[in-house]
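J.: Got a file for you: entry.tsv, TSV, C-alpha atoms.
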chain	number	residue	atom	x	y	z
I	18	MET	CA	26.27	29.48	27.55
I	19	VAL	CA	28.65	27.75	29.93
I	20	HIS	CA	27.19	25.02	32.10
I	21	ARG	CA	28.79	24.57	35.51
I	22	PRO	CA	27.80	22.32	38.39
I	23	GLY	CA	26.03	23.98	41.28
I	24	SER	CA	23.24	26.49	41.49
I	25	ARG	CA	23.02	30.08	40.31
I	26	SER	CA	20.59	32.71	41.52
I	27	GLY	CA	18.78	32.42	38.19
I	28	ASP	CA	18.07	28.74	38.77
I	29	PHE	CA	15.42	29.54	41.34
I	30	GLY	CA	12.98	30.99	38.81
I	31	ARG	CA	12.92	27.92	36.66
I	32	PHE	CA	10.25	25.29	37.07
I	33	THR	CA	10.99	21.76	35.99
I	34	HIS	CA	8.33	19.11	35.52
I	35	PRO	CA	8.40	16.77	38.53
I	36	ILE	CA	9.06	13.64	36.44
I	37	THR	CA	12.22	14.94	34.79
I	38	PRO	CA	15.30	12.95	35.77
I	39	LEU	CA	17.34	16.08	36.59
I	40	PRO	CA	17.17	17.55	40.06
I	41	SER	CA	15.57	20.97	40.18
I	42	LEU	CA	16.26	23.81	42.57
I	43	SER	CA	13.43	25.78	41.14
I	44	SER	CA	10.25	26.81	42.84
I	45	PHE	CA	6.78	26.97	41.36
I	46	HIS	CA	6.26	29.96	43.61
I	47	HIS	CA	8.51	32.15	41.40
I	48	THR	CA	7.72	30.56	38.04
I	49	SER	CA	6.88	32.66	35.03
I	50	PRO	CA	3.80	31.98	32.88
I	51	PHE	CA	6.20	31.36	30.00
I	52	SER	CA	7.60	28.31	31.82
I	53	LEU	CA	4.22	26.95	32.80
I	54	ILE	CA	3.05	26.59	29.20
I	55	GLY	CA	6.17	24.65	28.31
I	56	ASP	CA	7.77	27.12	25.91
I	57	GLY	CA	11.21	26.31	27.25
I	58	TYR	CA	13.76	28.26	29.16
I	59	THR	CA	15.23	31.66	28.28
I	60	VAL	CA	16.77	34.34	30.47
I	61	LYS	CA	13.35	36.06	30.35
I	62	VAL	CA	12.04	33.33	32.69
I	63	ASP	CA	14.57	34.42	35.31
I	64	VAL	CA	13.75	38.09	34.72
I	65	PHE	CA	10.10	37.34	35.54
I	66	ALA	CA	11.17	35.43	38.66
I	67	LEU	CA	13.33	38.39	39.70
I	68	GLY	CA	10.22	40.60	39.63
I	69	LEU	CA	8.36	38.19	41.89
I	70	ILE	CA	11.31	37.89	44.27
I	71	LEU	CA	11.64	41.68	44.46
I	72	THR	CA	7.94	41.94	45.30
I	73	GLU	CA	8.38	39.37	48.04
I	74	LEU	CA	11.34	41.29	49.47
I	75	CYS	CA	9.39	44.56	49.58
I	76	VAL	CA	6.09	43.37	51.04
I	77	VAL	CA	5.40	41.11	54.00
I	78	MET	CA	2.95	38.45	52.81
I	79	THR	CA	1.72	35.10	54.01
I	80	ASP	CA	2.28	32.16	51.68
I	81	ASN	CA	-1.37	32.36	50.60
I	82	GLU	CA	-1.17	36.10	49.93
I	83	ALA	CA	2.05	35.65	47.96
I	84	ALA	CA	0.48	32.85	45.91
I	85	GLU	CA	-2.47	35.10	45.03
I	86	VAL	CA	-0.24	38.07	44.16
I	87	PHE	CA	2.12	35.94	42.06
I	88	ASN	CA	-0.77	34.24	40.27
I	89	ASN	CA	-2.08	37.71	39.41
I	90	TYR	CA	1.29	38.66	37.93
I	91	ARG	CA	1.41	35.39	35.95
I	92	ALA	CA	-2.12	36.01	34.63
I	93	GLY	CA	-1.41	39.65	33.79
I	94	ARG	CA	-3.93	40.88	36.34
I	95	PRO	CA	-3.27	44.10	38.25
I	96	ASN	CA	-1.86	43.99	41.75
I	97	SER	CA	-2.17	46.67	44.40
I	98	VAL	CA	0.44	45.14	46.69
I	99	LEU	CA	3.11	47.67	45.66
I	100	GLU	CA	0.90	50.78	45.54
I	101	HIS	CA	2.86	52.32	48.42
I	102	LEU	CA	6.11	51.85	46.46
I	103	PRO	CA	5.42	53.34	43.01
I	104	GLU	CA	9.00	53.05	41.74
I	105	VAL	CA	9.18	49.40	42.76
I	106	LYS	CA	5.73	48.78	41.25
I	107	GLN	CA	6.84	50.20	37.91
I	108	PHE	CA	10.10	48.24	37.94
I	109	VAL	CA	8.34	44.97	38.85
I	110	ALA	CA	5.72	45.57	36.13
I	111	TRP	CA	8.56	45.84	33.61
I	112	LEU	CA	10.19	42.63	34.85
I	113	THR	CA	6.92	40.67	34.88
I	114	ASN	CA	5.57	41.77	31.52
I	115	GLN	CA	3.38	39.06	30.03
I	116	GLU	CA	5.30	39.20	26.75
I	117	PRO	CA	8.78	37.77	27.28
I	118	ALA	CA	10.14	39.87	24.41
I	119	GLU	CA	9.01	43.00	26.29
I	120	ARG	CA	10.88	42.05	29.46
I	121	PRO	CA	14.29	43.64	29.90
I	122	THR	CA	17.61	41.96	29.37
I	123	CYS	CA	19.98	41.64	32.33
I	124	GLU	CA	22.01	44.48	30.84
I	125	ASP	CA	18.87	46.67	30.68
I	126	ILE	CA	18.10	45.87	34.32
I	127	LEU	CA	21.58	46.83	35.47
I	128	LYS	CA	21.36	50.16	33.61
I	129	HIS	CA	17.92	51.03	34.99
I	130	PRO	CA	17.75	54.07	37.32
I	131	PHE	CA	15.99	51.92	39.94
I	132	LEU	CA	19.30	50.20	40.61
I	133	ALA	CA	21.43	53.35	40.41
Can the structure in the file be given as structure tokens, please?
T.:
Amino acid sequence: MVHRPGSRSGDFGRFTHPITPLPSLSSFHHTSPFSLIGDGYTVKVDVFALGLILTELCVVMTDNEAAEVFNNYRAGRPNSVLEHLPEVKQFVAWLTNQEPAERPTCEDILKHPFLA
């Protein structure tokens, strides 16, 4: 991995403890459950965040509604927010799988028919 100064789109899914000395661009709003339990960072954290961001782009929600929906995803509870968009719902479910090993790689995401 090459580390460069500045932010990348993937940085916004990461959640850093508030007392760390490094500045964080991340948002708790898009944090994966994997990050919250302190298991460290992998690309799967950003994949989860991508699912939450996609949900937010597809559905108009208040901050409180988004918090509830995202907490449901983090807890593995079902969400009905994407019922009217079944393809998006299936894609987001894949990205937000509770098991990080079951989440797709970036290469898998780019090859998925949803993005074709």
J.: Counting all atoms listed in the file, which residue out of I:Lys106, I:Arg94, I:His101, I:Arg120 sits closest to Val62 in chain I?
T.: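 Residue with the minimum atom-to-atom distance to Val62 in chain I: I:Arg120.
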J.: Set the distance at 10 Å and use only C-alpha atoms: which residues neighbour Cys75 in chain I once local chain neighbours fewer than 4 positions away are removed? I'd like the list as a ChimeraX atom specification.
T.: /I:70-71,98-99,102,105
J.: Find the distance between CA of Phe65 in chain I and CA of Ala83 in chain I and write it in Å to one decimal.
T.: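 Computing the Euclidean distance for CA of Phe65 in chain I and CA of Ala83 in chain I yields 14.9 Å.
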J.: Find the distance between CA of Glu116 in chain I and CA of Asn88 in chain I and write it in Å to one decimal.
T.: 15.6 Å
J.: Could you state the separation of CA of Val86 in chain I and CA of Lys128 in chain I in Å, given to one decimal place?
T.: 26.9 Å
J.: For Ala110 in chain I, which residue among I:Val60, I:Ala66, I:Leu132, I:Val77 is the nearest when counting only C-alpha atoms?
T.: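 Checking each candidate against Ala110 in chain I, we get I:Ala66 as the closest.
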J.: For a quick check of understanding, using all atoms listed in the file, which of I:Asn96, I:Leu69, I:Glu124, I:Ala133 has the smallest distance to Val109 in chain I?
T.: I:Leu69
J.: Which of these, I:Pro117, I:Trp111, I:Gly68, I:Ser97, has the shortest distance to Glu82 in chain I once you count only C-alpha atoms?
T.: I:Ser97
